[in-house]
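*Asks:* Dropping in data-v1.cif, with mmCIF, C-alpha atoms and all ligand atoms.
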data_upload
#
loop_
_atom_site.label_atom_id
_atom_site.label_comp_id
_atom_site.auth_asym_id
_atom_site.auth_seq_id
_atom_site.Cartn_x
_atom_site.Cartn_y
_atom_site.Cartn_z
CA MET Z 1 1.71 12.18 -12.25
CA ARG Z 2 2.01 8.50 -13.04
CA VAL Z 3 0.54 6.76 -10.02
CA PHE Z 4 0.97 3.11 -9.12
CA ILE Z 5 -1.86 1.77 -6.95
CA VAL Z 6 -1.25 -1.35 -4.89
CA TYR Z 7 -4.69 -2.56 -3.88
CA ALA Z 8 -5.44 -5.39 -1.45
CA HIS Z 9 -8.98 -6.36 -0.52
CA PRO Z 10 -10.42 -9.86 -1.03
CA SER Z 11 -13.96 -8.71 -1.91
CA GLU Z 12 -15.64 -6.30 -4.28
CA ASP Z 13 -18.46 -6.13 -1.72
CA SER Z 14 -16.62 -3.71 0.52
CA PHE Z 15 -16.15 -0.05 1.34
CA THR Z 16 -12.51 -0.41 0.36
CA ARG Z 17 -13.57 -1.11 -3.23
CA HIS Z 18 -15.44 2.21 -3.26
CA VAL Z 19 -12.33 3.92 -1.91
CA ARG Z 20 -10.34 2.43 -4.80
CA ASP Z 21 -12.92 3.60 -7.36
CA SER Z 22 -13.20 7.09 -5.90
CA PHE Z 23 -9.43 7.41 -5.83
CA ILE Z 24 -9.18 6.38 -9.47
CA ALA Z 25 -11.97 8.82 -10.41
CA GLY Z 26 -10.04 11.60 -8.65
CA LEU Z 27 -6.84 10.70 -10.49
CA GLU Z 28 -8.63 10.73 -13.83
CA SER Z 29 -10.36 14.04 -13.14
CA ALA Z 30 -6.98 15.67 -12.42
CA GLY Z 31 -5.33 14.18 -15.52
CA HIS Z 32 -3.06 11.77 -13.64
CA SER Z 33 -2.41 8.38 -15.18
CA TYR Z 34 -2.34 5.16 -13.17
CA THR Z 35 -1.48 1.47 -13.09
CA ILE Z 36 -3.05 -0.85 -10.53
CA SER Z 37 -1.98 -4.14 -9.02
CA ASP Z 38 -5.08 -5.72 -7.52
CA LEU Z 39 -3.21 -8.30 -5.48
CA TYR Z 40 -6.06 -10.71 -4.68
CA LYS Z 41 -7.57 -10.53 -8.16
CA MET Z 42 -4.26 -11.15 -9.90
CA GLY Z 43 -3.47 -14.00 -7.52
CA PHE Z 44 -0.17 -12.40 -6.60
CA VAL Z 45 1.91 -15.05 -4.84
CA THR Z 46 2.90 -13.79 -1.42
CA ASP Z 47 4.71 -16.78 0.02
CA MET Z 48 8.40 -16.39 -0.38
CA SER Z 49 10.08 -19.39 -2.02
CA GLU Z 50 13.16 -20.97 -0.50
CA ALA Z 51 15.28 -19.56 -3.34
CA GLU Z 52 13.95 -16.07 -2.68
CA TYR Z 53 14.68 -16.42 1.01
CA LEU Z 54 18.24 -17.53 0.31
CA ARG Z 55 18.73 -14.53 -1.97
CA GLU Z 56 17.24 -11.99 0.46
CA ALA Z 57 19.08 -13.33 3.50
CA TYR Z 58 22.49 -13.04 1.79
CA TYR Z 59 23.14 -16.76 1.42
CA ARG Z 60 22.94 -16.80 -2.39
CA ALA Z 61 23.28 -13.37 -4.01
CA ASP Z 62 23.45 -15.00 -7.45
CA LEU Z 63 19.84 -16.21 -7.43
CA PRO Z 64 17.48 -14.37 -9.83
CA VAL Z 65 14.52 -12.19 -8.95
CA PRO Z 66 11.34 -14.02 -10.15
CA PRO Z 67 9.49 -12.55 -13.16
CA ASP Z 68 6.30 -11.67 -11.22
CA VAL Z 69 8.40 -9.66 -8.75
CA GLN Z 70 10.32 -7.98 -11.56
CA ALA Z 71 7.01 -6.98 -13.13
CA GLU Z 72 5.98 -5.18 -9.91
CA GLN Z 73 9.36 -3.49 -9.67
CA GLU Z 74 9.03 -2.24 -13.25
CA LYS Z 75 5.63 -0.76 -12.42
CA ILE Z 76 7.26 1.15 -9.55
CA ASN Z 77 10.11 2.46 -11.66
CA ARG Z 78 7.72 3.63 -14.37
CA SER Z 79 5.74 5.68 -11.80
CA ASP Z 80 6.14 8.97 -9.94
CA ALA Z 81 4.00 8.02 -6.97
CA ILE Z 82 2.80 4.93 -5.13
CA VAL Z 83 -0.49 4.48 -3.29
CA PHE Z 84 -1.54 1.62 -1.04
CA ILE Z 85 -5.24 0.95 -0.47
CA TYR Z 86 -6.22 -1.76 2.01
CA PRO Z 87 -8.35 -2.67 5.03
CA VAL Z 88 -6.63 -2.95 8.39
CA PHE Z 89 -6.37 -6.59 9.44
CA TRP Z 90 -5.09 -7.12 12.99
CA THR Z 91 -3.42 -3.68 13.06
CA GLU Z 92 -1.55 -4.42 9.85
CA ALA Z 93 -2.06 -4.59 6.14
CA PRO Z 94 -3.62 -7.85 4.91
CA ALA Z 95 -1.06 -10.67 4.66
CA LYS Z 96 -1.42 -10.35 0.89
CA LEU Z 97 0.15 -6.89 0.99
CA VAL Z 98 2.73 -7.74 3.65
CA GLY Z 99 3.79 -10.64 1.41
CA TRP Z 100 4.03 -8.24 -1.53
CA PHE Z 101 6.57 -6.20 0.46
CA ASN Z 102 8.44 -9.36 1.48
CA ARG Z 103 8.88 -10.33 -2.15
CA VAL Z 104 9.01 -7.04 -4.07
CA TRP Z 105 11.33 -5.04 -1.78
CA THR Z 106 14.32 -7.12 -2.85
CA TYR Z 107 17.99 -6.72 -2.14
CA GLY Z 108 19.49 -4.54 -4.84
CA PHE Z 109 16.10 -3.02 -5.64
CA ALA Z 110 14.68 -1.56 -2.44
CA TYR Z 111 17.72 -1.85 -0.20
CA GLY Z 112 21.37 -2.81 -0.18
CA GLU Z 113 23.80 -2.29 -2.93
CA ALA Z 114 23.77 -4.26 -6.14
CA GLY Z 115 27.40 -4.64 -7.15
CA GLY Z 116 28.22 -1.28 -5.59
CA LYS Z 117 25.82 0.50 -7.93
CA GLY Z 118 23.27 1.40 -5.30
CA ARG Z 119 19.68 0.29 -5.27
CA ALA Z 120 17.70 0.08 -8.50
CA MET Z 121 14.42 1.44 -7.14
CA LYS Z 122 13.88 5.04 -8.12
CA GLN Z 123 13.04 7.54 -5.41
CA LEU Z 124 9.37 8.28 -5.85
CA GLU Z 125 8.02 11.80 -5.56
CA ALA Z 126 4.95 10.91 -3.51
CA GLY Z 127 3.46 8.06 -1.53
CA LEU Z 128 0.06 7.70 0.08
CA VAL Z 129 -1.29 5.02 2.38
CA LEU Z 130 -5.07 4.82 2.49
CA CYS Z 131 -6.21 2.29 5.04
CA ILE Z 132 -9.74 1.48 6.03
CA ALA Z 133 -10.28 0.55 9.65
CA GLY Z 134 -13.16 -0.89 11.63
CA ASN Z 135 -12.04 0.84 14.83
CA THR Z 136 -12.10 4.56 15.53
CA LEU Z 137 -9.23 7.04 15.61
CA PRO Z 138 -9.74 7.77 19.36
CA TYR Z 139 -9.32 4.04 20.00
CA PHE Z 140 -6.20 3.89 17.82
CA ASN Z 141 -4.71 6.92 19.56
CA GLU Z 142 -5.50 5.70 23.09
CA THR Z 143 -3.91 2.34 22.42
CA GLY Z 144 -0.92 3.70 20.49
CA LEU Z 145 -1.78 1.41 17.61
CA LEU Z 146 -2.03 4.23 15.06
CA GLU Z 147 1.60 5.13 15.69
CA SER Z 148 2.60 1.51 15.17
CA MET Z 149 0.77 1.21 11.86
CA LYS Z 150 2.11 4.53 10.63
CA LYS Z 151 5.68 3.86 11.63
CA VAL Z 152 5.82 0.49 9.95
CA MET Z 153 4.43 1.80 6.66
CA LEU Z 154 6.04 5.25 6.51
CA ASN Z 155 9.30 4.93 8.44
CA ASP Z 156 10.23 1.42 7.42
CA ARG Z 157 8.56 0.32 4.18
CA LEU Z 158 8.38 3.67 2.39
CA PHE Z 159 11.22 5.37 4.28
CA ASP Z 160 13.48 7.42 1.96
CA ARG Z 161 12.18 5.50 -1.05
CA VAL Z 162 9.43 8.11 -1.22
CA LYS Z 163 9.93 11.86 -0.77
CA ASP Z 164 6.49 13.09 0.28
CA LYS Z 165 4.54 10.56 2.34
CA ASP Z 166 1.11 10.61 3.92
CA PHE Z 167 -0.96 8.09 5.87
CA ILE Z 168 -4.74 8.43 5.95
CA VAL Z 169 -6.93 6.20 8.11
CA LEU Z 170 -10.60 6.06 7.17
CA ASP Z 171 -11.77 4.95 10.58
CA GLY Z 172 -14.97 3.70 12.19
CA MET Z 173 -15.92 1.67 9.11
CA SER Z 174 -16.91 -1.56 10.85
CA ARG Z 175 -20.30 -2.79 9.67
CA GLU Z 176 -21.23 -2.91 13.39
CA PHE Z 177 -20.93 0.87 13.80
CA PRO Z 178 -23.42 3.56 12.68
CA SER Z 179 -20.37 5.67 11.81
CA ARG Z 180 -19.93 3.50 8.70
CA ASP Z 181 -22.95 5.03 6.97
CA LYS Z 182 -22.30 8.46 8.45
CA ASN Z 183 -18.71 8.62 7.17
CA TRP Z 184 -19.22 6.89 3.81
CA GLU Z 185 -19.76 9.86 1.49
CA SER Z 186 -17.38 12.30 3.18
CA TYR Z 187 -14.62 9.71 3.15
CA LEU Z 188 -15.09 9.05 -0.55
CA GLU Z 189 -14.93 12.80 -1.23
CA ARG Z 190 -11.76 13.04 0.84
CA VAL Z 191 -10.22 10.20 -1.16
CA PHE Z 192 -11.26 11.82 -4.46
CA GLU Z 193 -9.57 15.09 -3.41
CA ALA Z 194 -6.46 13.27 -2.17
CA ALA Z 195 -6.14 11.67 -5.61
CA ARG Z 196 -6.57 14.99 -7.37
CA GLY Z 197 -3.88 16.54 -5.19
CA MET Z 198 -1.28 13.81 -5.71
CA GLY Z 199 2.15 15.40 -5.90
CA THR Z 200 1.03 18.89 -4.90
CA ARG Z 201 1.64 18.68 -1.14
CA ASN Z 202 4.81 20.14 0.30
C1 LIG C 1 -9.41 -10.55 9.62
C2 LIG C 1 -9.80 -9.15 9.93
C3 LIG C 1 -9.08 -8.43 10.85
C4 LIG C 1 -9.42 -7.11 11.15
N1 LIG C 1 -8.65 -6.41 12.03
C5 LIG C 1 -8.93 -5.11 12.26
C6 LIG C 1 -8.11 -4.36 13.13
O1 LIG C 1 -7.13 -4.83 13.67
N2 LIG C 1 -8.42 -3.06 13.33
C7 LIG C 1 -9.49 -2.47 12.74
O2 LIG C 1 -9.72 -1.28 12.96
N3 LIG C 1 -10.30 -3.17 11.88
C8 LIG C 1 -10.04 -4.48 11.65
N4 LIG C 1 -10.83 -5.19 10.78
C9 LIG C 1 -11.94 -4.52 10.14
C10 LIG C 1 -11.62 -4.20 8.69
O3 LIG C 1 -10.67 -3.19 8.64
C11 LIG C 1 -12.95 -3.89 8.02
O4 LIG C 1 -13.20 -4.95 7.14
C12 LIG C 1 -13.03 -2.61 7.27
O5 LIG C 1 -12.72 -1.52 8.03
C13 LIG C 1 -14.42 -2.43 6.72
O6 LIG C 1 -14.26 -2.10 5.41
P1 LIG C 1 -14.64 -3.02 4.18
O7 LIG C 1 -16.13 -2.88 3.99
O8 LIG C 1 -13.88 -2.41 3.05
O9 LIG C 1 -14.20 -4.43 4.46
C14 LIG C 1 -10.53 -6.51 10.51
C15 LIG C 1 -11.27 -7.27 9.58
C16 LIG C 1 -10.93 -8.57 9.31
C17 LIG C 1 -11.74 -9.34 8.31
#
Write the structure described by the file as structure tokens, please.
*Replies:*
Amino acid sequence: MRVFIVYAHPSEDSFTRHVRDSFIAGLESAGHSYTISDLYKMGFVTDMSEAEYLREAYYRADLPVPPDVQAEQEKINRSDAIVFIYPVFWTEAPAKLVGWFNRVWTYGFAYGEAGGKGRAMKQLEAGLVLCIAGNTLPYFNETGLLESMKKVMLNDRLFDRVKDKDFIVLDGMSREFPSRDKNWESYLERVFEAARGMGTRN
């Protein structure tokens, strides 16, 4: 499979960076190829310009899609699968990744109809969300926050743009919790296996 990784963490000194590296190692060991957009490192602009807003909100359909957005869209259309790797920030993806969706999921590409020709984004075979959370799964379940995070990513952003979708939370990874050290290795193994198995789930 050709896998496109959208990665968003501001620091290399993080567990999330190890998740990224383990995922890539798993992809390589299974013979998958990959492209990565490291959003912080590449300085991806996540504020929408006024012109982009006017285009997306149906005021000015004639306005062009900016080249940096087109480049991300081309990476998607050259791939079979998409994977998001990020830490949970306030029960969401980091603003950097939310802004990526705001700009890259454009009208005519991810939704709507461009001149009656349907949307230009291909339907991807597989999608995986790998998010790293400080809090624990019991906490997320008790509060209902896990459902919120999952629904936003899977039912709205990925939706029918991806056939086979999965959402994995690597929980309890706050530096304040002993579970961080306890979970570290098993989580990285899980991520490695998830990468190897890309596209094989039913
Ligand atoms: C601004 C900010 C907001 C955060 N919000 C949450 C949150 O809402 N829920 C949560 O479980 N963890 C939250 N965290 C913890 C991060 O997810 C934490 O950095 C991560 O789990 C630890 O992994 P890392 O070493 O890769 O950063 C937050 C961290 C920061 C910096």
*Asks:* Find the residue from Z:Asp13, Z:Asp62, Z:Glu142, Z:Asp160 that sits nearest to ligand LIG 1 (chain C); use all atoms listed in the file when measuring.
*Replies:*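 The closest residue to ligand LIG 1 (chain C) is Z:Asp13.
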*Asks:* Identify, counting only C-alpha atoms and all ligand atoms, the protein, DNA and RNA residues located within 12 Å of ligand LIG 1 (chain C), and give them as number ranges by chain.
*Replies:* Z: 7-20, 85-96, 130-141, 143, 145-146, 148-149, 169-177, 179-181, 183-184
*Asks:* Any chance you can output those residues with C-alpha atoms as a PDB file, in the frame of the given file?
*Replies:*
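Generated output (again-v8.pdb):
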ATOM      1  CA  TYR Z   7      -4.690  -2.560  -3.880  1.00  0.00           C
ATOM      2  CA  ALA Z   8      -5.440  -5.390  -1.450  1.00  0.00           C
ATOM      3  CA  HIS Z   9      -8.980  -6.360  -0.520  1.00  0.00           C
ATOM      4  CA  PRO Z  10     -10.420  -9.860  -1.030  1.00  0.00           C
ATOM      5  CA  SER Z  11     -13.960  -8.710  -1.910  1.00  0.00           C
ATOM      6  CA  GLU Z  12     -15.640  -6.300  -4.280  1.00  0.00           C
ATOM      7  CA  ASP Z  13     -18.460  -6.130  -1.720  1.00  0.00           C
ATOM      8  CA  SER Z  14     -16.620  -3.710   0.520  1.00  0.00           C
ATOM      9  CA  PHE Z  15     -16.150  -0.050   1.340  1.00  0.00           C
ATOM     10  CA  THR Z  16     -12.510  -0.410   0.360  1.00  0.00           C
ATOM     11  CA  ARG Z  17     -13.570  -1.110  -3.230  1.00  0.00           C
ATOM     12  CA  HIS Z  18     -15.440   2.210  -3.260  1.00  0.00           C
ATOM     13  CA  VAL Z  19     -12.330   3.920  -1.910  1.00  0.00           C
ATOM     14  CA  ARG Z  20     -10.340   2.430  -4.800  1.00  0.00           C
ATOM     15  CA  ILE Z  85      -5.240   0.950  -0.470  1.00  0.00           C
ATOM     16  CA  TYR Z  86      -6.220  -1.760   2.010  1.00  0.00           C
ATOM     17  CA  PRO Z  87      -8.350  -2.670   5.030  1.00  0.00           C
ATOM     18  CA  VAL Z  88      -6.630  -2.950   8.390  1.00  0.00           C
ATOM     19  CA  PHE Z  89      -6.370  -6.590   9.440  1.00  0.00           C
ATOM     20  CA  TRP Z  90      -5.090  -7.120  12.990  1.00  0.00           C
ATOM     21  CA  THR Z  91      -3.420  -3.680  13.060  1.00  0.00           C
ATOM     22  CA  GLU Z  92      -1.550  -4.420   9.850  1.00  0.00           C
ATOM     23  CA  ALA Z  93      -2.060  -4.590   6.140  1.00  0.00           C
ATOM     24  CA  PRO Z  94      -3.620  -7.850   4.910  1.00  0.00           C
ATOM     25  CA  ALA Z  95      -1.060 -10.670   4.660  1.00  0.00           C
ATOM     26  CA  LYS Z  96      -1.420 -10.350   0.890  1.00  0.00           C
ATOM     27  CA  LEU Z 130      -5.070   4.820   2.490  1.00  0.00           C
ATOM     28  CA  CYS Z 131      -6.210   2.290   5.040  1.00  0.00           C
ATOM     29  CA  ILE Z 132      -9.740   1.480   6.030  1.00  0.00           C
ATOM     30  CA  ALA Z 133     -10.280   0.550   9.650  1.00  0.00           C
ATOM     31  CA  GLY Z 134     -13.160  -0.890  11.630  1.00  0.00           C
ATOM     32  CA  ASN Z 135     -12.040   0.840  14.830  1.00  0.00           C
ATOM     33  CA  THR Z 136     -12.100   4.560  15.530  1.00  0.00           C
ATOM     34  CA  LEU Z 137      -9.230   7.040  15.610  1.00  0.00           C
ATOM     35  CA  PRO Z 138      -9.740   7.770  19.360  1.00  0.00           C
ATOM     36  CA  TYR Z 139      -9.320   4.040  20.000  1.00  0.00           C
ATOM     37  CA  PHE Z 140      -6.200   3.890  17.820  1.00  0.00           C
ATOM     38  CA  ASN Z 141      -4.710   6.920  19.560  1.00  0.00           C
ATOM     39  CA  THR Z 143      -3.910   2.340  22.420  1.00  0.00           C
ATOM     40  CA  LEU Z 145      -1.780   1.410  17.610  1.00  0.00           C
ATOM     41  CA  LEU Z 146      -2.030   4.230  15.060  1.00  0.00           C
ATOM     42  CA  SER Z 148       2.600   1.510  15.170  1.00  0.00           C
ATOM     43  CA  MET Z 149       0.770   1.210  11.860  1.00  0.00           C
ATOM     44  CA  VAL Z 169      -6.930   6.200   8.110  1.00  0.00           C
ATOM     45  CA  LEU Z 170     -10.600   6.060   7.170  1.00  0.00           C
ATOM     46  CA  ASP Z 171     -11.770   4.950  10.580  1.00  0.00           C
ATOM     47  CA  GLY Z 172     -14.970   3.700  12.190  1.00  0.00           C
ATOM     48  CA  MET Z 173     -15.920   1.670   9.110  1.00  0.00           C
ATOM     49  CA  SER Z 174     -16.910  -1.560  10.850  1.00  0.00           C
ATOM     50  CA  ARG Z 175     -20.300  -2.790   9.670  1.00  0.00           C
ATOM     51  CA  GLU Z 176     -21.230  -2.910  13.390  1.00  0.00           C
ATOM     52  CA  PHE Z 177     -20.930   0.870  13.800  1.00  0.00           C
ATOM     53  CA  SER Z 179     -20.370   5.670  11.810  1.00  0.00           C
ATOM     54  CA  ARG Z 180     -19.930   3.500   8.700  1.00  0.00           C
ATOM     55  CA  ASP Z 181     -22.950   5.030   6.970  1.00  0.00           C
ATOM     56  CA  ASN Z 183     -18.710   8.620   7.170  1.00  0.00           C
ATOM     57  CA  TRP Z 184     -19.220   6.890   3.810  1.00  0.00           C
TER      58      TRP Z 184
END
*Asks:* Write out as a ChimeraX atom specification which residues come within 10 Å of Asp68 in chain Z when counting all atoms listed in the file, dropping same-chain ones fewer than 6 positions away.
*Replies:* /Z:44-45,103-104
*Asks:* Between Z:Glu185, Z:Arg60, Z:Glu72, Z:Gly127, which is the closest to Asn155 in chain Z once you count all atoms listed in the file?
*Replies:*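 Looking only at the distances to Asn155 in chain Z, the closest residue turns out to be Z:Gly127.
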*Asks:* Name the closest residue to Asp38 in chain Z among the candidates Z:Val65, Z:Val191, Z:Met121, Z:Leu97; distances are taken between atoms, counting only C-alpha atoms.
*Replies:* Z:Leu97
*Asks:* Name the residues in contact with Asp156 in chain Z at a cut-off of 12 Å, using all atoms listed in the file, excluding same-chain residues fewer than 3 positions from it; report them as a PyMOL selection string.
*Replies:* chain Z and resi 101+105+110-111+148-153+159-162+165
*Asks:* Filtering to C-alpha atoms, could you give me those residues as a PDB file, keeping the file's coordinate frame?
*Replies:*
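Below is the file that was written, out35.pdb:
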ATOM      1  CA  PHE Z 101       6.570  -6.200   0.460  1.00  0.00           C
ATOM      2  CA  TRP Z 105      11.330  -5.040  -1.780  1.00  0.00           C
ATOM      3  CA  ALA Z 110      14.680  -1.560  -2.440  1.00  0.00           C
ATOM      4  CA  TYR Z 111      17.720  -1.850  -0.200  1.00  0.00           C
ATOM      5  CA  SER Z 148       2.600   1.510  15.170  1.00  0.00           C
ATOM      6  CA  MET Z 149       0.770   1.210  11.860  1.00  0.00           C
ATOM      7  CA  LYS Z 150       2.110   4.530  10.630  1.00  0.00           C
ATOM      8  CA  LYS Z 151       5.680   3.860  11.630  1.00  0.00           C
ATOM      9  CA  VAL Z 152       5.820   0.490   9.950  1.00  0.00           C
ATOM     10  CA  MET Z 153       4.430   1.800   6.660  1.00  0.00           C
ATOM     11  CA  PHE Z 159      11.220   5.370   4.280  1.00  0.00           C
ATOM     12  CA  ASP Z 160      13.480   7.420   1.960  1.00  0.00           C
ATOM     13  CA  ARG Z 161      12.180   5.500  -1.050  1.00  0.00           C
ATOM     14  CA  VAL Z 162       9.430   8.110  -1.220  1.00  0.00           C
ATOM     15  CA  LYS Z 165       4.540  10.560   2.340  1.00  0.00           C
TER      16      LYS Z 165
END
*Asks:* By how many Å are CA of Glu193 in chain Z and CA of Met42 in chain Z apart?
*Replies:*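 Separation between CA of Glu193 in chain Z and CA of Met42 in chain Z: 27.5 Å.
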*Asks:* Rank Z:Gly99, Z:Gly26, Z:Gly31, Z:Gly112 by their smallest atom-to-atom distance to Ala61 in chain Z, using all atoms listed in the file, and report the top residue only.
*Replies:*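 Result for the nearest residue to Ala61 in chain Z: Z:Gly112.
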*Asks:* Using only C-alpha atoms, which residue out of Z:Ala25, Z:Leu39, Z:Val83, Z:Val98 lies closest to Val129 in chain Z?
*Replies:* Z:Val83
*Asks:* List every protein, DNA or RNA residue that has at least one atom no more than 12 Å from (20.9, -13.3, -2.3) in the file's coordinates, counting only C-alpha atoms, and write the result as number ranges by chain.
*Replies:* Z: 50-65, 106-109, 112-115
*Asks:* Keeping only C-alpha atoms, write the selected residues as a JSON list (two decimals), keeping the file's coordinate frame.
*Replies:*
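Contents of selection17.json, freshly written:
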[["chain", "number", "residue", "atom", "x", "y", "z"],
["Z", 50, "GLU", "CA", 13.16, -20.97, -0.50],
["Z", 51, "ALA", "CA", 15.28, -19.56, -3.34],
["Z", 52, "GLU", "CA", 13.95, -16.07, -2.68],
["Z", 53, "TYR", "CA", 14.68, -16.42, 1.01],
["Z", 54, "LEU", "CA", 18.24, -17.53, 0.31],
["Z", 55, "ARG", "CA", 18.73, -14.53, -1.97],
["Z", 56, "GLU", "CA", 17.24, -11.99, 0.46],
["Z", 57, "ALA", "CA", 19.08, -13.33, 3.50],
["Z", 58, "TYR", "CA", 22.49, -13.04, 1.79],
["Z", 59, "TYR", "CA", 23.14, -16.76, 1.42],
["Z", 60, "ARG", "CA", 22.94, -16.80, -2.39],
["Z", 61, "ALA", "CA", 23.28, -13.37, -4.01],
["Z", 62, "ASP", "CA", 23.45, -15.00, -7.45],
["Z", 63, "LEU", "CA", 19.84, -16.21, -7.43],
["Z", 64, "PRO", "CA", 17.48, -14.37, -9.83],
["Z", 65, "VAL", "CA", 14.52, -12.19, -8.95],
["Z", 106, "THR", "CA", 14.32, -7.12, -2.85],
["Z", 107, "TYR", "CA", 17.99, -6.72, -2.14],
["Z", 108, "GLY", "CA", 19.49, -4.54, -4.84],
["Z", 109, "PHE", "CA", 16.10, -3.02, -5.64],
["Z", 112, "GLY", "CA", 21.37, -2.81, -0.18],
["Z", 113, "GLU", "CA", 23.80, -2.29, -2.93],
["Z", 114, "ALA", "CA", 23.77, -4.26, -6.14],
["Z", 115, "GLY", "CA", 27.40, -4.64, -7.15]]
*Asks:* Using only C-alpha atoms, pick whichever of Z:Asn102, Z:Leu128, Z:Ser79, Z:Pro66 has the shortest atom-to-atom distance to Ala195 in chain Z.
*Replies:* Z:Leu128
*Asks:* Please rebuild range 47-60 of chain Z with N, CA, C and O atoms and give the result as a PDB file, in the coordinates of the input.
*Replies:*
ATOM      1  N   ASP Z  47       3.775 -15.948  -0.747  1.00  0.00           N
ATOM      2  CA  ASP Z  47       4.710 -16.780   0.020  1.00  0.00           C
ATOM      3  C   ASP Z  47       6.070 -16.702  -0.648  1.00  0.00           C
ATOM      4  O   ASP Z  47       6.182 -16.895  -1.862  1.00  0.00           O
ATOM      5  N   MET Z  48       7.044 -16.442   0.144  1.00  0.00           N
ATOM      6  CA  MET Z  48       8.400 -16.390  -0.380  1.00  0.00           C
ATOM      7  C   MET Z  48       8.894 -17.831  -0.620  1.00  0.00           C
ATOM      8  O   MET Z  48       8.698 -18.708   0.228  1.00  0.00           O
ATOM      9  N   SER Z  49       9.522 -18.061  -1.766  1.00  0.00           N
ATOM     10  CA  SER Z  49      10.080 -19.390  -2.020  1.00  0.00           C
ATOM     11  C   SER Z  49      11.392 -19.542  -1.254  1.00  0.00           C
ATOM     12  O   SER Z  49      11.956 -18.550  -0.776  1.00  0.00           O
ATOM     13  N   GLU Z  50      11.878 -20.762  -1.183  1.00  0.00           N
ATOM     14  CA  GLU Z  50      13.160 -20.970  -0.500  1.00  0.00           C
ATOM     15  C   GLU Z  50      14.268 -20.205  -1.229  1.00  0.00           C
ATOM     16  O   GLU Z  50      15.124 -19.567  -0.598  1.00  0.00           O
ATOM     17  N   ALA Z  51      14.236 -20.255  -2.570  1.00  0.00           N
ATOM     18  CA  ALA Z  51      15.280 -19.560  -3.340  1.00  0.00           C
ATOM     19  C   ALA Z  51      15.248 -18.056  -3.070  1.00  0.00           C
ATOM     20  O   ALA Z  51      16.291 -17.414  -2.912  1.00  0.00           O
ATOM     21  N   GLU Z  52      14.041 -17.507  -2.972  1.00  0.00           N
ATOM     22  CA  GLU Z  52      13.950 -16.070  -2.680  1.00  0.00           C
ATOM     23  C   GLU Z  52      14.502 -15.766  -1.292  1.00  0.00           C
ATOM     24  O   GLU Z  52      15.187 -14.774  -1.080  1.00  0.00           O
ATOM     25  N   TYR Z  53      14.157 -16.626  -0.341  1.00  0.00           N
ATOM     26  CA  TYR Z  53      14.680 -16.420   1.010  1.00  0.00           C
ATOM     27  C   TYR Z  53      16.211 -16.419   1.003  1.00  0.00           C
ATOM     28  O   TYR Z  53      16.860 -15.542   1.581  1.00  0.00           O
ATOM     29  N   LEU Z  54      16.776 -17.406   0.314  1.00  0.00           N
ATOM     30  CA  LEU Z  54      18.240 -17.530   0.310  1.00  0.00           C
ATOM     31  C   LEU Z  54      18.880 -16.299  -0.317  1.00  0.00           C
ATOM     32  O   LEU Z  54      19.935 -15.819   0.109  1.00  0.00           O
ATOM     33  N   ARG Z  55      18.205 -15.743  -1.329  1.00  0.00           N
ATOM     34  CA  ARG Z  55      18.730 -14.530  -1.970  1.00  0.00           C
ATOM     35  C   ARG Z  55      18.642 -13.334  -1.006  1.00  0.00           C
ATOM     36  O   ARG Z  55      19.601 -12.594  -0.824  1.00  0.00           O
ATOM     37  N   GLU Z  56      17.468 -13.177  -0.387  1.00  0.00           N
ATOM     38  CA  GLU Z  56      17.240 -11.990   0.460  1.00  0.00           C
ATOM     39  C   GLU Z  56      18.045 -12.035   1.763  1.00  0.00           C
ATOM     40  O   GLU Z  56      18.321 -10.989   2.344  1.00  0.00           O
ATOM     41  N   ALA Z  57      18.367 -13.221   2.225  1.00  0.00           N
ATOM     42  CA  ALA Z  57      19.080 -13.330   3.500  1.00  0.00           C
ATOM     43  C   ALA Z  57      20.590 -13.489   3.288  1.00  0.00           C
ATOM     44  O   ALA Z  57      21.298 -13.941   4.183  1.00  0.00           O
ATOM     45  N   TYR Z  58      21.044 -13.101   2.111  1.00  0.00           N
ATOM     46  CA  TYR Z  58      22.490 -13.040   1.790  1.00  0.00           C
ATOM     47  C   TYR Z  58      23.206 -14.384   1.757  1.00  0.00           C
ATOM     48  O   TYR Z  58      24.404 -14.460   1.942  1.00  0.00           O
ATOM     49  N   TYR Z  59      22.452 -15.477   1.570  1.00  0.00           N
ATOM     50  CA  TYR Z  59      23.140 -16.760   1.420  1.00  0.00           C
ATOM     51  C   TYR Z  59      23.583 -16.958  -0.028  1.00  0.00           C
ATOM     52  O   TYR Z  59      24.612 -17.514  -0.297  1.00  0.00           O
ATOM     53  N   ARG Z  60      22.699 -16.514  -0.980  1.00  0.00           N
ATOM     54  CA  ARG Z  60      22.940 -16.800  -2.390  1.00  0.00           C
ATOM     55  C   ARG Z  60      22.603 -15.567  -3.236  1.00  0.00           C
ATOM     56  O   ARG Z  60      21.538 -15.471  -3.834  1.00  0.00           O
TER      57      ARG Z  60
END
